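Student: A single structure is presented below for examination.
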Amino acid sequence: MPDSSRVRFTKENVAKIPNSGGLYKFYDKNGKLVYVGRASGNTGKQWGPEKHHVFKYGLRHRVQSYYQTDDRKEHPTKPALRRDIHSFAYQRIASDKKRREVEKRIKQTLKHNHL
């Protein structure tokens with residue numbers, strides 16, 4: 001799946017995206033952008049015997065988290081956002097500074113982004 005192509009929000013489509021750093025965008029059923037977020041693309045602890053067996057916290061990890069059930073006290077706005085998500089797109093951006101700049105510019109007027 002190339003960067004920035006909007007596709008249906010399904011587990012199969014989420015599994016195809018890279019675990020690198022970048023931005024993800026969620027759209028409602030009318031194609032209106034409702035949320036933008038960023039993921040760092042960092043790696044964490046090793047989970048297996050091989051050198052490449054490390055946890056990765058990138059786009060795929062972050063986008064798939066919207067399928068998980070969360071504690072409403074910790075994430076009070078997530079259930080409302082989840083109901084609105086119909087499709088998503090992503091953009092790989094390696095630079096932390098650039099990711100923050102682009103996210104900040106886009107999220108100013110979005111329904112579910114809270115500054």
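By convention here, the chains of the structure tokens are called A, B, ... in the order presented, each chain's residues are numbered starting at 1, and ligands are numbered starting at 1 in the order presented.
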Quick one: everything within 10 Å of stretch 105-109 of chain A, counting only C-alpha atoms, minus sequence neighbours fewer than 2 positions away in the same chain. Send it as an MDAnalysis selection string.

Tutor: chainID A and resid 25 33:37 100:103 111:115

Student: How would the residues just picked look written out with C-alpha atoms as a PDB file, in the first residue's frame?

Tutor:
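And here's again_23.pdb as it stands now:
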```
ATOM      1  CA  LYS A  25      -5.277  10.258   9.174  1.00  0.00           C
ATOM      2  CA  LEU A  33     -10.863  14.109   7.680  1.00  0.00           C
ATOM      3  CA  VAL A  34     -11.731  13.769  11.389  1.00  0.00           C
ATOM      4  CA  TYR A  35      -8.417  12.975  13.101  1.00  0.00           C
ATOM      5  CA  VAL A  36      -4.675  13.079  12.525  1.00  0.00           C
ATOM      6  CA  GLY A  37      -2.024  11.506  14.715  1.00  0.00           C
ATOM      7  CA  ARG A 100       5.159  17.354  14.693  1.00  0.00           C
ATOM      8  CA  GLU A 101       4.985  20.351  12.332  1.00  0.00           C
ATOM      9  CA  VAL A 102       2.731  18.628   9.810  1.00  0.00           C
ATOM     10  CA  GLU A 103       0.464  17.143  12.499  1.00  0.00           C
ATOM     11  CA  LYS A 111     -13.374  17.323  15.243  1.00  0.00           C
ATOM     12  CA  HIS A 112     -11.555  14.729  17.341  1.00  0.00           C
ATOM     13  CA  ASN A 113      -8.151  16.356  17.819  1.00  0.00           C
ATOM     14  CA  HIS A 114      -7.957  18.097  21.167  1.00  0.00           C
ATOM     15  CA  LEU A 115      -5.135  20.571  21.586  1.00  0.00           C
TER      16      LEU A 115
END
```

Student: Going by DSSP on the backbone, which residues of stretch 20-64 of chain A come out as helix (DSSP H, G or I)? List them as a list in words.

Tutor: Leu59, Arg60, His61, Arg62, Val63 and Gln64 of chain A

Student: Can you list, as a PyMOL selection string, every residue of chain A that DSSP puts in strand (DSSP E or B)?

Tutor: chain A and resi 7-8+22-27+33-39+42-46+54-57+87-92

Student: Take the residues from that selection and put them in a file with N, CA and C atoms, as a compact mmCIF listing (two decimals), in the first residue's frame.

Tutor:
```txt
# COMPACT_ATOMS: atom_id res chain seq x y z
N VAL A 7 -7.74 4.07 2.43
CA VAL A 7 -8.35 2.75 2.32
C VAL A 7 -9.29 2.54 3.50
N ARG A 8 -10.15 1.57 3.38
CA ARG A 8 -11.10 1.21 4.42
C ARG A 8 -10.37 0.81 5.70
N GLY A 22 5.66 8.28 11.19
CA GLY A 22 4.87 9.04 10.22
C GLY A 22 3.57 9.54 10.81
N LEU A 23 2.69 9.97 9.92
CA LEU A 23 1.37 10.46 10.30
C LEU A 23 0.30 9.50 9.81
N TYR A 24 -0.80 9.43 10.56
CA TYR A 24 -1.96 8.68 10.11
C TYR A 24 -3.16 9.60 10.19
N LYS A 25 -4.09 9.42 9.25
CA LYS A 25 -5.28 10.26 9.17
C LYS A 25 -6.51 9.36 9.12
N PHE A 26 -7.52 9.71 9.91
CA PHE A 26 -8.77 8.97 9.90
C PHE A 26 -9.85 9.82 9.24
N TYR A 27 -10.69 9.16 8.43
CA TYR A 27 -11.76 9.82 7.70
C TYR A 27 -13.10 9.19 8.08
N LEU A 33 -11.94 14.36 6.73
CA LEU A 33 -10.86 14.11 7.68
C LEU A 33 -11.34 14.47 9.08
N VAL A 34 -11.25 13.52 10.03
CA VAL A 34 -11.73 13.77 11.39
C VAL A 34 -10.63 13.70 12.44
N TYR A 35 -9.48 13.10 12.10
CA TYR A 35 -8.42 12.97 13.10
C TYR A 35 -7.08 12.75 12.42
N VAL A 36 -6.04 13.34 12.97
CA VAL A 36 -4.68 13.08 12.52
C VAL A 36 -3.83 12.80 13.75
N GLY A 37 -2.93 11.85 13.62
CA GLY A 37 -2.02 11.51 14.71
C GLY A 37 -0.66 11.16 14.16
N ARG A 38 0.31 11.01 15.06
CA ARG A 38 1.65 10.68 14.61
C ARG A 38 2.18 9.48 15.40
N ALA A 39 3.10 8.78 14.79
CA ALA A 39 3.75 7.63 15.42
C ALA A 39 5.26 7.78 15.21
N ASN A 42 9.70 4.06 16.84
CA ASN A 42 10.74 3.59 17.76
C ASN A 42 10.68 2.08 17.94
N THR A 43 11.76 1.53 18.45
CA THR A 43 11.79 0.12 18.81
C THR A 43 11.91 0.01 20.33
N GLY A 44 11.41 -1.11 20.83
CA GLY A 44 11.43 -1.32 22.27
C GLY A 44 12.21 -2.56 22.65
N LYS A 45 11.74 -3.25 23.67
CA LYS A 45 12.43 -4.42 24.20
C LYS A 45 12.42 -5.57 23.21
N GLN A 46 13.41 -6.42 23.34
CA GLN A 46 13.50 -7.63 22.53
C GLN A 46 12.51 -8.65 23.07
N VAL A 54 12.23 -7.47 18.07
CA VAL A 54 12.04 -6.34 18.97
C VAL A 54 10.66 -5.73 18.73
N PHE A 55 10.06 -5.19 19.79
CA PHE A 55 8.78 -4.51 19.64
C PHE A 55 9.00 -3.23 18.86
N LYS A 56 8.07 -2.92 17.95
CA LYS A 56 8.15 -1.70 17.15
C LYS A 56 6.92 -0.86 17.40
N TYR A 57 7.12 0.42 17.61
CA TYR A 57 6.03 1.33 17.93
C TYR A 57 5.91 2.37 16.82
N SER A 87 -12.28 5.14 7.14
CA SER A 87 -11.10 4.85 6.34
C SER A 87 -9.91 5.59 6.91
N PHE A 88 -8.73 5.28 6.40
CA PHE A 88 -7.52 5.92 6.89
C PHE A 88 -6.49 6.04 5.78
N ALA A 89 -5.51 6.88 6.01
CA ALA A 89 -4.36 7.02 5.13
C ALA A 89 -3.16 7.27 6.03
N TYR A 90 -1.99 7.06 5.49
CA TYR A 90 -0.78 7.33 6.26
C TYR A 90 0.28 7.94 5.37
N GLN A 91 1.25 8.55 6.03
CA GLN A 91 2.37 9.17 5.34
C GLN A 91 3.62 8.92 6.17
N ARG A 92 4.61 8.27 5.61
CA ARG A 92 5.87 8.05 6.33
C ARG A 92 6.66 9.34 6.35
```
